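Single-structure report; data block below.
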Amino acid sequence: MDGILTPEEKAYCRGLEALRKKDYSVADKEFRACAKLYGDSRGFNIMTRAAGLMAALQQEKVKISKLENHIRETAENGEETIVCRQISEESAG
Amino acid sequence: MIKTETINRLEDRLAHLIGGVLAKKESQIDFLIGLNQLDDILISLHEGQPVIDDLTRFLSRYRAWPEDGNLDSSQRKRLGVFLNSLNQELVNRHDTDHFKLAEEIREWAQRLGTGSLKLIFKSSGEQASLADRFYSLLRRESEEMNILLTERGHLLTCLDDILNSAESKNDRMYQHLAASLIYFLKLEGYKTDPYIKRLSRLKEDK
């Protein structure tokens with residue numbers, strides 16, 4: 001037997017909890033899972049968009065950080081490792 | 001570098017926006033997160049998984065909830081529904097730890113003001129049998145006696161307390177426990193007439 005809350009309500013609660021913990025990618029995923037139920041709420045949409053943007057920004061930061069490491073490594077050693085080449089290709093793609 | 005700075009600026013602003021929304025709805029979010037935890041505990045109970053540690057932690061963490069002025073009537077009502085379900089699941093586990101937690105849940109419900117919770121005993125999806133109800137009654141009485149004997153030390157003092165509870169509380173357990181104790185003391189040669197009269201008066205009043 002299930003609990004009292006619906007799956008969408010539970011996703012919303014988990015999304016809020018993730019947002020509090022600044023785990024934006026989880027918050028984004030949970031909010032998407034309950035968008036049908038809460039999509040009409042302005043507050044919900046603001047939180048969902050903000051969480052989605054934050055998740056995207058953080059992914060971008062990771063990419064940039066990897067790229068910076070790659071540049072530093074190339075400058076210091078004068079050659080690329082296989083990993084750096086992969087990152088470089090990903091970034092270009 | 002320019003891209004990193006732009007991203008950091010954007011991140012700061014978004015974090016500020018999210019922080020503002022979270023702060024504005026802080027108590028509502030607290031309530032929803034707590035309610036979801038209760039729901040998880042309820043699901044675990046249904047699945048027969050151990051919940052004692054989780055529920056004990058929950059009750060300790062949210063102990064201020066029943067008196068929390070920030071909860072509106074719909075939140076109180078909703079919490080009452082959860083407490084009712086939890087209570088019913090716990091009392092049907094038939095063991096002391098679950099019974100103690102059920103007692104605490106009923107106390108929460110009383111403090112919350114959603115009315116006292118009824119005990120509905122069930123066994124594997126069927127209506128509880130008379131034997132199940134009697135067994136549960138004995139369990140509760142045993143726990144009550146444990147507490148009383150720790151505090152009082154003598155059965156006659158305990159009996160007095162039990163009769164006081166029977167007079168003030170609408171719980172048949174106290175009447176049954178008093179009758180059982182009176183009969184036991186009578187068999188042991190104690191003078192029980194005043195207690196029998198008190199119990200008889202009580203039964204007439206109710």
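For the structure tokens, the naming scheme is as follows: chains receive sequential letters (A, B, ...) according to their order of presentation, residues are indexed from 1 within each chain, and ligands are indexed from 1 in presentation order.
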
Could you write out as an MDAnalysis selection string the residues of chain A within 12 Å of chain B, counting only C-alpha atoms? chainID A and resid 1:24 27 42:65 67:68

Within 9 Å of Leu83 in chain B, counting only C-alpha atoms, which residues qualify if same-chain residues fewer than 5 places away don't, as a ChimeraX atom specification? /B:38,78,88,105-106,108-109,117

Could the residues in this selection be written to a file with N, CA and C atoms, as a CSV table (one decimal), in the first residue's frame?
```csv
chain,number,residue,atom,x,y,z
B,38,LEU,N,7.0,11.9,7.2
B,38,LEU,CA,6.0,11.0,7.8
B,38,LEU,C,5.4,10.1,6.8
B,78,ARG,N,-4.5,18.1,8.1
B,78,ARG,CA,-3.7,17.2,7.2
B,78,ARG,C,-2.8,16.4,8.1
B,88,GLN,N,-3.0,3.8,13.7
B,88,GLN,CA,-3.6,2.5,13.4
B,88,GLN,C,-2.6,1.5,13.0
B,105,ILE,N,2.0,9.2,19.5
B,105,ILE,CA,1.2,9.8,18.3
B,105,ILE,C,-0.1,10.3,18.8
B,106,ARG,N,-0.8,9.5,19.7
B,106,ARG,CA,-2.1,9.9,20.2
B,106,ARG,C,-2.0,11.2,21.0
B,108,TRP,N,0.3,13.5,20.6
B,108,TRP,CA,0.5,14.5,19.6
B,108,TRP,C,-0.9,15.0,19.0
B,109,ALA,N,-1.7,14.0,18.7
B,109,ALA,CA,-3.1,14.3,18.1
B,109,ALA,C,-3.9,15.2,19.1
B,117,LEU,N,-7.5,10.0,18.9
B,117,LEU,CA,-7.5,9.0,17.9
B,117,LEU,C,-8.1,7.7,18.5
```

Can you pull out every residue from range 23-146 of chain B that DSSP, working from the backbone, puts in strand (DSSP E or B), and format the result as a ChimeraX atom specification? /B:122-123,126-127

If you run DSSP on the backbone, which residues of range 38-166 of chain B are helix (DSSP H, G or I), as number ranges by chain? B: 38-46, 52-61, 65-67, 73-91, 96-112, 130-151, 155-166
